[in-house]
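Structure file my_file.cif; described as mmCIF, C-alpha atoms (C1' of nucleotides).
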```cif
data_model
loop_
_atom_site.label_atom_id
_atom_site.label_comp_id
_atom_site.auth_asym_id
_atom_site.auth_seq_id
_atom_site.Cartn_x
_atom_site.Cartn_y
_atom_site.Cartn_z
CA MET A 159 -8.57 -4.61 -6.65
CA ASP A 160 -8.09 -7.43 -4.15
CA VAL A 161 -5.25 -9.94 -4.17
CA ARG A 162 -7.47 -12.68 -5.57
CA SER A 163 -8.00 -10.65 -8.75
CA LEU A 164 -4.32 -9.76 -8.92
CA CYS A 165 -3.46 -13.47 -8.79
CA LEU A 166 -6.02 -14.23 -11.49
CA GLY A 167 -4.36 -11.61 -13.67
CA VAL A 168 -0.95 -13.26 -13.35
CA LEU A 169 -2.44 -16.72 -13.88
CA SER A 170 -4.15 -15.49 -17.06
CA LEU A 171 -0.64 -15.05 -18.50
CA GLY A 172 0.29 -18.66 -17.70
CA ASP A 173 0.42 -21.23 -14.90
CA ALA A 174 2.35 -20.22 -11.81
CA SER A 175 3.09 -21.09 -8.20
CA GLY A 176 2.57 -18.70 -5.30
CA TYR A 177 6.27 -17.99 -5.27
CA GLU A 178 6.29 -17.16 -8.98
CA ILE A 179 3.29 -14.86 -8.59
CA LYS A 180 5.18 -12.97 -5.89
CA LYS A 181 8.15 -12.65 -8.23
CA ALA A 182 5.89 -11.25 -10.97
CA PHE A 183 5.03 -8.37 -8.60
CA GLU A 184 8.64 -7.92 -7.55
CA GLU A 185 10.61 -8.17 -10.77
CA GLY A 186 8.48 -8.30 -13.89
CA ALA A 187 6.51 -5.64 -15.74
CA LEU A 188 3.82 -5.83 -13.04
CA SER A 189 6.29 -4.66 -10.39
CA HIS A 190 5.77 -1.04 -11.47
CA ILE A 191 2.00 -1.46 -11.38
CA HIS A 192 0.82 -3.35 -8.30
CA ALA A 193 2.03 -5.39 -5.31
CA ALA A 194 1.08 -8.33 -3.10
CA SER A 195 2.75 -10.23 -0.26
CA PHE A 196 2.98 -13.94 0.54
CA GLY A 197 0.66 -13.44 3.47
CA SER A 198 -2.14 -12.54 1.08
CA ILE A 199 -1.15 -14.55 -2.01
CA TYR A 200 -1.24 -18.03 -0.44
CA PRO A 201 -4.68 -17.63 1.18
CA ALA A 202 -5.94 -16.02 -2.03
CA LEU A 203 -4.85 -19.01 -4.12
CA GLY A 204 -6.61 -21.36 -1.72
CA ALA A 205 -9.79 -19.31 -2.01
CA LEU A 206 -9.57 -19.28 -5.82
CA VAL A 207 -9.40 -23.09 -5.86
CA ASP A 208 -12.33 -23.32 -3.41
CA ASP A 209 -14.37 -21.10 -5.72
CA GLY A 210 -13.42 -23.02 -8.87
CA LEU A 211 -11.60 -20.04 -10.38
CA ALA A 212 -8.28 -21.90 -10.43
CA VAL A 213 -7.03 -25.48 -10.16
CA MET A 214 -3.89 -26.70 -8.42
CA ARG A 215 -1.51 -29.54 -9.22
CA GLU A 216 1.52 -30.56 -7.22
CA VAL A 217 4.79 -30.71 -9.11
CA GLU A 218 7.62 -32.69 -7.59
CA GLN A 219 11.02 -31.16 -8.14
CA GLU A 220 14.44 -32.63 -7.70
CA LYS A 221 16.72 -30.68 -5.43
CA ARG A 222 14.00 -28.09 -4.86
CA PRO A 223 10.96 -28.01 -2.61
CA ASP A 224 7.80 -29.25 -4.31
CA LYS A 225 5.72 -26.73 -6.20
CA ARG A 226 2.01 -26.12 -6.16
CA VAL A 227 1.27 -24.86 -9.64
CA TYR A 228 -2.02 -23.06 -10.23
CA SER A 229 -3.95 -22.71 -13.50
CA ILE A 230 -6.80 -20.32 -14.22
CA THR A 231 -10.13 -21.92 -15.21
CA PRO A 232 -12.72 -20.54 -17.69
CA ALA A 233 -14.75 -19.36 -14.69
CA GLY A 234 -11.60 -17.68 -13.42
CA ARG A 235 -11.14 -15.83 -16.70
CA GLN A 236 -14.69 -14.60 -16.48
CA ALA A 237 -14.15 -13.45 -12.89
CA LEU A 238 -10.99 -11.62 -13.98
CA ARG A 239 -12.87 -9.85 -16.76
CA ARG A 240 -15.58 -8.85 -14.30
CA ALA A 241 -13.02 -7.52 -11.82
CA LEU A 242 -11.14 -5.59 -14.52
CA ASN A 243 -14.31 -4.02 -15.85
CA GLY A 244 -15.35 -2.71 -12.43
CA ASP A 245 -14.67 0.94 -11.65
CA PRO A 246 -10.95 1.23 -10.93
CA THR A 247 -10.09 2.80 -7.57
CA ALA A 248 -7.70 5.73 -7.48
CA ASP A 249 -3.96 4.96 -7.55
CA LYS A 250 -2.40 4.43 -4.14
CA ILE A 251 1.08 5.89 -3.87
CA ARG A 252 3.12 5.48 -0.70
CA SER A 253 6.59 6.88 -1.17
CA ASP A 254 8.89 7.23 1.81
CA PHE A 255 11.38 8.77 -0.61
CA LEU A 256 9.11 11.66 -1.59
CA PHE A 257 7.93 12.08 2.00
CA GLY A 258 11.54 12.41 3.10
CA ILE A 259 12.37 14.93 0.35
CA PHE A 260 9.28 16.96 1.26
CA PHE A 261 10.81 17.40 4.72
CA ALA A 262 14.28 17.98 3.29
CA GLN A 263 15.22 20.51 5.95
CA GLU A 264 14.82 17.81 8.65
CA LEU A 265 17.41 15.60 6.92
CA THR A 266 21.16 15.99 7.16
CA PRO A 267 22.60 17.35 3.86
CA ASP A 268 24.61 14.16 3.38
CA GLU A 269 21.57 11.97 3.89
CA LEU A 270 19.56 14.11 1.46
CA ALA A 271 22.23 13.88 -1.24
CA ARG A 272 22.63 10.14 -0.66
CA ARG A 273 18.93 9.55 -1.12
CA ILE A 274 18.67 11.49 -4.36
CA ASP A 275 21.76 9.80 -5.77
CA ARG A 276 20.37 6.40 -4.87
CA ARG A 277 17.11 7.22 -6.53
CA ILE A 278 18.91 8.40 -9.66
CA ASP A 279 20.78 5.08 -9.77
CA TRP A 280 17.53 3.20 -9.28
CA TYR A 281 15.85 5.01 -12.21
CA ARG A 282 18.87 4.41 -14.45
CA GLN A 283 18.79 0.71 -13.72
CA ALA A 284 15.02 0.46 -14.16
CA LEU A 285 15.22 2.31 -17.48
CA GLU A 286 18.07 0.17 -18.70
CA GLN A 287 16.10 -2.96 -17.91
CA MET A 288 12.96 -1.62 -19.57
CA ARG A 289 14.85 -0.64 -22.68
CA SER A 290 16.75 -3.89 -23.06
CA CYS A 291 13.43 -5.69 -22.67
CA ALA A 292 11.99 -3.45 -25.37
CA GLU A 293 14.83 -4.13 -27.80
CA GLU A 294 14.44 -7.86 -27.37
CA ASN A 295 10.74 -8.32 -27.85
CA ASP A 296 8.76 -5.10 -27.98
CA ALA A 297 7.13 -6.02 -31.28
CA THR A 298 5.94 -9.36 -29.91
CA LEU A 299 4.49 -7.91 -26.71
CA PRO A 300 0.68 -7.65 -26.51
CA PRO A 301 -0.60 -4.07 -26.83
CA GLY A 302 -1.44 -3.70 -23.11
CA PRO A 303 1.98 -4.57 -21.71
CA ARG A 304 3.67 -2.60 -24.48
CA PHE A 305 1.61 0.48 -23.64
CA THR A 306 2.26 0.29 -19.89
CA ARG A 307 5.96 -0.35 -20.54
CA GLY A 308 6.13 2.77 -22.72
CA LEU A 309 4.26 4.84 -20.17
CA GLY A 310 6.57 3.62 -17.41
CA GLU A 311 9.60 4.49 -19.47
CA ALA A 312 8.30 7.98 -20.21
CA VAL A 313 7.51 8.65 -16.56
CA TYR A 314 10.77 7.28 -15.16
CA CYS A 315 12.72 9.18 -17.78
CA ALA A 316 11.04 12.45 -16.79
CA ALA A 317 11.70 11.77 -13.10
CA LEU A 318 15.34 10.97 -13.77
CA ASP A 319 15.84 14.13 -15.84
CA TYR A 320 14.25 16.24 -13.13
CA LEU A 321 16.36 14.74 -10.35
CA GLU A 322 19.57 15.22 -12.33
CA ALA A 323 18.68 18.79 -13.30
CA ASN A 324 17.56 19.95 -9.84
CA ARG A 325 19.64 17.93 -7.40
CA ASP A 326 22.39 20.48 -6.86
CA HIS A 327 19.97 23.36 -6.65
CA LEU A 328 17.98 21.66 -3.90
CA LEU A 329 21.10 20.92 -1.88
CA GLU A 330 22.21 24.56 -2.16
CA GLU A 331 18.81 25.85 -1.13
CA VAL A 332 18.63 23.60 1.91
CA ALA A 333 22.14 24.64 2.92
CA ALA A 334 21.27 28.33 2.49
CA ARG A 335 18.16 27.88 4.61
CA SER A 336 19.99 26.21 7.47
CA ARG A 337 22.55 29.03 7.39
CA MET A 338 19.68 31.52 7.63
CA VAL A 339 18.21 29.74 10.65
CA ALA A 340 21.63 29.61 12.33
CA GLU A 341 21.99 33.40 12.13
CA MET B 138 6.85 4.69 7.42
CA ASP B 139 3.98 4.15 9.84
CA VAL B 140 0.95 6.38 10.23
CA ARG B 141 2.26 7.87 13.48
CA SER B 142 5.27 9.31 11.62
CA LEU B 143 3.07 10.50 8.77
CA CYS B 144 0.91 12.39 11.28
CA LEU B 145 3.99 13.89 12.92
CA GLY B 146 5.07 15.12 9.49
CA VAL B 147 1.80 16.95 8.94
CA LEU B 148 1.81 18.32 12.49
CA SER B 149 5.34 19.66 11.95
CA LEU B 150 3.81 22.01 9.35
CA GLY B 151 1.28 23.34 11.86
CA ASP B 152 -1.42 22.28 14.33
CA ALA B 153 -4.18 20.12 12.91
CA SER B 154 -7.14 17.90 13.78
CA GLY B 155 -7.46 14.31 12.61
CA TYR B 156 -9.86 15.45 9.93
CA GLU B 157 -7.41 18.05 8.65
CA ILE B 158 -4.59 15.51 8.57
CA LYS B 159 -6.75 13.26 6.44
CA LYS B 160 -7.42 16.18 4.09
CA ALA B 161 -3.68 16.84 3.80
CA PHE B 162 -3.29 13.33 2.37
CA GLU B 163 -6.32 13.72 0.12
CA GLU B 164 -6.00 17.21 -1.32
CA GLY B 165 -2.72 18.92 -0.53
CA ALA B 166 0.80 18.44 -1.84
CA LEU B 167 1.11 15.29 0.28
CA SER B 168 -1.72 13.63 -1.63
CA HIS B 169 0.67 12.68 -4.44
CA ILE B 170 3.18 11.31 -1.95
CA HIS B 171 1.51 9.21 0.75
CA ALA B 172 -1.84 8.18 2.21
CA ALA B 173 -3.57 7.34 5.49
CA SER B 174 -7.14 6.56 6.52
CA PHE B 175 -9.25 7.66 9.51
CA GLY B 176 -9.06 4.14 10.88
CA SER B 177 -5.33 4.55 11.39
CA ILE B 178 -5.07 8.33 11.94
CA TYR B 179 -7.27 8.59 15.04
CA PRO B 180 -5.58 5.75 16.95
CA ALA B 181 -2.18 7.10 15.86
CA LEU B 182 -2.96 10.55 17.29
CA GLY B 183 -3.97 8.98 20.59
CA ALA B 184 -0.72 7.04 20.72
CA LEU B 185 1.31 10.17 19.93
CA VAL B 186 -0.28 11.97 22.88
CA ASP B 187 0.33 8.94 25.14
CA ASP B 188 4.00 9.00 24.16
CA GLY B 189 4.36 12.76 24.63
CA LEU B 190 5.08 13.37 20.96
CA ALA B 191 1.99 15.55 20.55
CA VAL B 192 -0.46 17.41 22.75
CA MET B 193 -4.20 17.78 22.23
CA ARG B 194 -6.56 20.63 23.02
CA GLU B 195 -10.29 20.70 22.45
CA VAL B 196 -11.62 23.59 20.40
CA GLU B 197 -15.30 24.37 20.61
CA GLN B 198 -16.81 25.51 17.37
CA GLU B 199 -20.10 27.18 16.66
CA LYS B 200 -22.29 25.38 14.17
CA ARG B 201 -19.62 22.67 13.73
CA PRO B 202 -18.68 19.62 15.77
CA ASP B 203 -15.93 20.27 18.29
CA LYS B 204 -12.37 19.88 17.13
CA ARG B 205 -9.49 18.08 18.76
CA VAL B 206 -6.48 20.01 17.62
CA TYR B 207 -3.06 18.38 17.96
CA SER B 208 0.33 20.09 18.22
CA ILE B 209 3.73 18.48 17.84
CA THR B 210 6.07 18.66 20.85
CA PRO B 211 9.89 19.02 20.80
CA ALA B 212 10.10 15.27 21.52
CA GLY B 213 7.75 14.76 18.57
CA ARG B 214 10.02 16.75 16.28
CA GLN B 215 12.94 14.62 17.33
CA ALA B 216 10.96 11.44 16.70
CA LEU B 217 10.02 12.74 13.26
CA ARG B 218 13.65 13.44 12.43
CA ARG B 219 14.61 9.95 13.58
CA ALA B 220 11.87 8.38 11.45
CA LEU B 221 12.81 10.46 8.39
CA ASN B 222 16.47 9.58 8.70
CA GLY B 223 15.80 5.85 8.80
CA ASP B 224 16.28 3.85 5.61
CA PRO B 225 13.30 4.63 3.39
CA THR B 226 11.39 1.58 2.16
CA ALA B 227 10.77 1.15 -1.56
CA ASP B 228 7.83 3.01 -3.08
CA LYS B 229 4.54 1.16 -3.00
CA ILE B 230 2.47 1.67 -6.12
CA ARG B 231 -0.96 0.10 -6.44
CA SER B 232 -2.63 1.22 -9.63
CA ASP B 233 -5.85 -0.43 -10.73
CA PHE B 234 -5.65 1.83 -13.79
CA LEU B 235 -2.30 0.43 -15.00
CA PHE B 236 -3.34 -3.10 -14.06
CA GLY B 237 -6.44 -2.72 -16.22
CA ILE B 238 -4.48 -1.29 -19.17
CA PHE B 239 -1.97 -4.13 -18.88
CA PHE B 240 -4.86 -6.51 -19.55
CA ALA B 241 -6.31 -4.24 -22.23
CA GLN B 242 -7.51 -7.13 -24.38
CA GLU B 243 -9.81 -8.27 -21.54
CA LEU B 244 -11.58 -4.89 -21.52
CA THR B 245 -14.26 -3.78 -23.93
CA PRO B 246 -12.88 -1.16 -26.38
CA ASP B 247 -15.33 1.44 -25.04
CA GLU B 248 -14.27 0.80 -21.47
CA LEU B 249 -10.61 1.03 -22.44
CA ALA B 250 -11.10 4.36 -24.21
CA ARG B 251 -13.18 5.69 -21.34
CA ARG B 252 -10.49 4.89 -18.82
CA ILE B 253 -7.70 6.52 -20.76
CA ASP B 254 -9.80 9.62 -21.39
CA ARG B 255 -10.64 9.85 -17.70
CA ARG B 256 -7.02 9.54 -16.80
CA ILE B 257 -6.09 12.26 -19.28
CA ASP B 258 -8.68 14.55 -17.67
CA TRP B 259 -7.34 13.69 -14.23
CA TYR B 260 -3.77 14.60 -15.19
CA ARG B 261 -4.91 17.87 -16.79
CA GLN B 262 -6.72 18.88 -13.64
CA ALA B 263 -3.85 17.85 -11.37
CA LEU B 264 -1.37 19.79 -13.50
CA GLU B 265 -3.60 22.84 -13.60
CA GLN B 266 -3.85 22.80 -9.81
CA MET B 267 -0.11 22.32 -9.38
CA ARG B 268 0.71 25.14 -11.75
CA SER B 269 -1.73 27.62 -10.26
CA CYS B 270 -0.27 26.79 -6.86
CA ALA B 271 3.19 27.41 -8.29
CA GLU B 272 2.23 30.79 -9.74
CA GLU B 273 0.80 31.93 -6.44
CA ASN B 274 3.58 31.06 -4.06
CA ASP B 275 6.35 28.95 -5.54
CA ALA B 276 9.05 31.37 -4.42
CA THR B 277 7.80 31.32 -0.82
CA LEU B 278 7.61 27.50 -0.64
CA PRO B 279 10.33 25.72 1.35
CA PRO B 280 12.85 23.88 -0.86
CA GLY B 281 11.50 20.39 -0.08
CA PRO B 282 7.88 20.99 -1.09
CA ARG B 283 9.00 23.02 -4.11
CA PHE B 284 11.21 20.17 -5.26
CA THR B 285 8.54 17.50 -4.87
CA ARG B 286 6.02 19.76 -6.57
CA GLY B 287 8.34 20.22 -9.53
CA LEU B 288 9.04 16.50 -9.71
CA GLY B 289 5.33 15.73 -9.61
CA GLU B 290 4.67 18.22 -12.38
CA ALA B 291 7.42 16.75 -14.57
CA VAL B 292 6.15 13.20 -14.05
CA TYR B 293 2.47 13.97 -14.59
CA CYS B 294 3.31 16.01 -17.65
CA ALA B 295 5.25 13.12 -19.17
CA ALA B 296 2.41 10.70 -18.40
CA LEU B 297 -0.15 13.04 -19.96
CA ASP B 298 1.91 13.50 -23.12
CA TYR B 299 2.35 9.75 -23.47
CA LEU B 300 -1.35 9.03 -23.01
CA GLU B 301 -2.35 11.67 -25.56
CA ALA B 302 0.26 10.52 -28.07
CA ASN B 303 -0.45 6.79 -27.83
CA ARG B 304 -4.13 6.53 -26.98
CA ASP B 305 -5.41 6.04 -30.54
CA HIS B 306 -2.64 3.64 -31.44
CA LEU B 307 -3.45 1.40 -28.48
CA LEU B 308 -7.14 1.33 -29.33
CA GLU B 309 -6.34 0.38 -32.94
CA GLU B 310 -3.97 -2.36 -31.87
CA VAL B 311 -6.45 -3.89 -29.48
CA ALA B 312 -9.16 -3.76 -32.15
CA ALA B 313 -6.81 -5.39 -34.69
CA ARG B 314 -5.94 -8.14 -32.20
CA SER B 315 -9.55 -8.97 -31.44
CA ARG B 316 -10.24 -9.16 -35.21
CA MET B 317 -7.32 -11.56 -35.55
CA VAL B 318 -8.69 -13.80 -32.80
CA ALA B 319 -12.14 -13.76 -34.37
CA GLU B 320 -10.82 -15.13 -37.67
"C1'" DC C 39 -38.26 21.12 0.90
"C1'" DC C 40 -34.93 17.86 0.72
"C1'" DT C 41 -30.93 15.72 -1.18
"C1'" DG C 42 -26.34 15.93 -0.89
"C1'" DC C 43 -22.05 17.77 0.61
"C1'" DA C 44 -18.70 19.61 4.11
"C1'" DT C 45 -17.23 19.42 8.77
"C1'" DA C 46 -15.83 16.34 12.63
"C1'" DT C 47 -14.81 12.01 15.52
"C1'" DA C 48 -14.99 7.19 16.17
"C1'" DT C 49 -15.43 2.12 15.48
"C1'" DT C 50 -15.31 -2.33 13.34
"C1'" DG C 51 -14.76 -6.18 10.27
"C1'" DG C 52 -11.96 -7.68 7.07
"C1'" DT C 53 -7.75 -7.35 4.29
"C1'" DT C 54 -3.04 -7.01 3.82
"C1'" DC C 55 1.68 -6.53 5.30
"C1'" DG C 56 6.16 -7.77 7.17
"C1'" DA C 57 8.69 -10.82 9.53
"C1'" DT C 58 9.64 -15.26 10.57
"C1'" DA C 59 9.88 -20.51 10.45
"C1'" DT C 60 11.25 -24.51 7.86
"C1'" DA C 61 13.82 -27.12 4.44
"C1'" DT C 62 17.36 -27.68 0.74
"C1'" DG C 63 20.93 -26.69 -2.74
"C1'" DC C 64 24.01 -23.79 -4.91
"C1'" DT C 65 27.70 -20.28 -5.17
"C1'" DG C 66 31.37 -17.31 -3.92
"C1'" DG C 67 34.66 -15.59 -0.76
"C1'" DA C 68 37.85 -16.30 3.38
"C1'" DT D 265 37.40 -26.47 2.48
"C1'" DC D 266 34.02 -24.45 5.02
"C1'" DC D 267 30.38 -21.60 5.70
"C1'" DA D 268 27.66 -17.50 5.09
"C1'" DG D 269 24.34 -16.00 2.27
"C1'" DC D 270 21.13 -16.29 -1.37
"C1'" DA D 271 17.51 -18.61 -4.29
"C1'" DT D 272 13.78 -21.70 -4.28
"C1'" DA D 273 9.32 -22.90 -2.03
"C1'" DT D 274 5.27 -22.92 1.25
"C1'" DA D 275 3.05 -21.34 5.30
"C1'" DT D 276 1.63 -18.68 9.39
"C1'" DC D 277 0.75 -14.86 12.66
"C1'" DG D 278 0.49 -10.55 14.97
"C1'" DA D 279 0.36 -5.97 13.85
"C1'" DA D 280 -0.99 -2.47 10.82
"C1'" DC D 281 -4.09 -0.65 7.89
"C1'" DC D 282 -8.24 0.27 4.93
"C1'" DA D 283 -12.99 1.02 3.59
"C1'" DA D 284 -17.29 1.54 5.08
"C1'" DT D 285 -20.37 3.00 8.27
"C1'" DA D 286 -22.52 5.49 12.34
"C1'" DT D 287 -23.55 9.86 14.42
"C1'" DA D 288 -24.40 14.81 14.49
"C1'" DT D 289 -25.04 19.45 12.36
"C1'" DG D 290 -25.31 23.27 8.97
"C1'" DC D 291 -25.40 25.06 4.56
"C1'" DA D 292 -26.13 25.42 -0.41
"C1'" DG D 293 -28.48 24.24 -4.60
"C1'" DG D 294 -32.07 22.25 -7.31
#
```
Target format structure tokens, applied to this file:
Amino acid sequence: MDVRSLCLGVLSLGDASGYEIKKAFEEGALSHIHAASFGSIYPALGALVDDGLAVMREVEQEKRPDKRVYSITPAGRQALRRALNGDPTADKIRSDFLFGIFFAQELTPDELARRIDRRIDWYRQALEQMRSCAEENDATLPPGPRFTRGLGEAVYCAALDYLEANRDHLLEEVAARSRMVAE
Amino acid sequence: MDVRSLCLGVLSLGDASGYEIKKAFEEGALSHIHAASFGSIYPALGALVDDGLAVMREVEQEKRPDKRVYSITPAGRQALRRALNGDPTADKIRSDFLFGIFFAQELTPDELARRIDRRIDWYRQALEQMRSCAEENDATLPPGPRFTRGLGEAVYCAALDYLEANRDHLLEEVAARSRMVAE
DNA sequence: CCTGCATATATTGGTTCGATATATGCTGGA
DNA sequence: TCCAGCATATATCGAACCAATATATGCAGG
């Protein structure tokens, strides 16, 4: 899925500027699903306009830089549907956190504990946000977003439970191992 | 985390060729954690040798192309430790699957069902593999890999349960919505 | 027999990232 | 009060990275 299609997806939910599209991948429901950077979003929006898949209008703002607000066109909606119906590629996960935990014995015990605790905090916050969002408007959410929200909640909840249940055990094991090596 | 550090991580587990490093990110425990392509692995290995963080030896093979097997050096181990102890960047998730489900109403009902069923199969296979691996040698695994394996199992299990429990409901909702629009 | 897969390295075009530049207003702490 | 830092907003650029392909060989299955 290229950035052009990702932008079309966001635009299908409503008009947006490049900056707002970025925010959708950083804060909103999409943030747990996909990502894109400015360096690819702005060229992608230009290309969408060139291809007639989106239109742009400039919006003057007081006390803010001007906006370039993009809207999806009927051709854009068709292109989005085509892109979505193509064979989805496998998920791409790149987690420095997990990579670090995998090599736990190369980390200092303090650093290891700090990382797990941070991650636990992160999951708690993410879950809180997801749940407050659910309380507010879960019934009004379209089925797709509601389903992915529920799946995200289930997955984060399982991860949080596991981290809380196994944190101390991991730290003990790593400590025991380094004692063994020292002998 | 750049590809050079990822390669050092794999090499810290034992000598390997570029091809074997790629496999580690495609099949092994690392496959659920991080990724790297040939186009970045081969140049990275060259750079590691240039910097004295790894050494290369050519291994002639009968009935197979020759191998270039890389070994991590003490300086390489130190560089790995430095890289691991740096502040980990946030996880990067890019899931065409979730992106497609988010826009469920843009998919044909058949396509939607097919995707979820495929994903269910995928999780079942992944879990089966993880569990058989655990039965064989969980006790002999270092604490880090055992922890990430357990976390992966917990997360995949939760995702599988959610998909199985909510699949039919999602399909009904999407069907109901498209009936509503048609009226 | 022959298609396709596994092993193995390498390259290349194109995509994407991450950091930075530029400009302005608001807010909170010293 | 001042000013550092953050939010808004667009844009660019070098570096990193991916996906596909080329090349070569052997083996297994239909």
Give as a list in words the residues that the PyMOL selection byres ((chain D) within 10 of (chain B)) matches when applied to the coordinates above. DA280, DC281, DC282, DA283, DA288, DT289 and DG290 of chain D
To test your reading of the syntax: which residues would the PyMOL selection byres ((chain C) within 10 of (chain B)) return for the file shown? Reply as a PDB file with C-alpha atoms (C1' of nucleotides), keeping the file's coordinate frame.
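Resulting contents of selection.pdb:
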```pdb
ATOM      1  C1'  DT C  45     -17.230  19.420   8.770  1.00  0.00           C
ATOM      2  C1'  DA C  46     -15.830  16.340  12.630  1.00  0.00           C
ATOM      3  C1'  DT C  47     -14.810  12.010  15.520  1.00  0.00           C
ATOM      4  C1'  DA C  48     -14.990   7.190  16.170  1.00  0.00           C
ATOM      5  C1'  DT C  49     -15.430   2.120  15.480  1.00  0.00           C
ATOM      6  C1'  DT C  50     -15.310  -2.330  13.340  1.00  0.00           C
TER       7       DT C  50
END
```
Closest contacts (chain B/chain A, max 7 Å, only C-alpha atoms) as CSV:
```
residue,atom,partner,partner_atom,distance
B:Met138,CA,A:Asp254,CA,6.5
B:His169,CA,A:Ile251,CA,6.8
B:Ile170,CA,A:Ser253,CA,5.6
B:His171,CA,A:Arg252,CA,4.3
B:Ala172,CA,A:Arg252,CA,6.4
B:Arg218,CA,A:Glu264,CA,5.9
B:Leu221,CA,A:Gly258,CA,5.8
B:Asn222,CA,A:Leu265,CA,6.3
B:Pro225,CA,A:Asp254,CA,5.4
B:Thr226,CA,A:Asp254,CA,6.2
B:Asp228,CA,A:Ser253,CA,4.5
B:Lys229,CA,A:Arg252,CA,5.1
B:Ile230,CA,A:Ile251,CA,5.0
B:Arg231,CA,A:His192,CA,4.3
B:Ser232,CA,A:Asp249,CA,4.5
B:Asp233,CA,A:Pro246,CA,5.4
B:Phe234,CA,A:Pro246,CA,6.1
B:Leu235,CA,A:Ile191,CA,5.9
B:Phe236,CA,A:Ile191,CA,6.2
B:Gly237,CA,A:Leu242,CA,5.8
B:Ile238,CA,A:Gly302,CA,5.5
B:Phe239,CA,A:Gly302,CA,4.3
B:Phe240,CA,A:Gly302,CA,5.7
B:Ala241,CA,A:Gly302,CA,5.0
B:Glu243,CA,A:Arg239,CA,5.9
B:Leu244,CA,A:Asn243,CA,6.4
B:Pro280,CA,A:Glu331,CA,6.3
B:Gly281,CA,A:Phe260,CA,4.3
B:Pro282,CA,A:Phe260,CA,4.9
B:Thr285,CA,A:Phe260,CA,6.2
B:Leu288,CA,A:Tyr320,CA,6.2
B:Ala291,CA,A:Ala316,CA,6.0
B:Val292,CA,A:Val313,CA,5.4
B:Ala295,CA,A:Val313,CA,5.6
B:Ala296,CA,A:Val313,CA,5.8
B:Tyr299,CA,A:Leu309,CA,6.2
B:Leu307,CA,A:Pro301,CA,6.4
B:Glu310,CA,A:Pro301,CA,6.3
B:Val311,CA,A:Pro301,CA,6.4
```
A straight line from atom CA of Glu220 of chain A to atom CA of Gly186 of chain A spans 25.8 Å
Skip DG294 of chain D itself and residues of its chain fewer than 4 positions away, then list as a PyMOL selection string all residues within 12 Å of it, counting all atoms listed in the file. chain C and resi 39-42
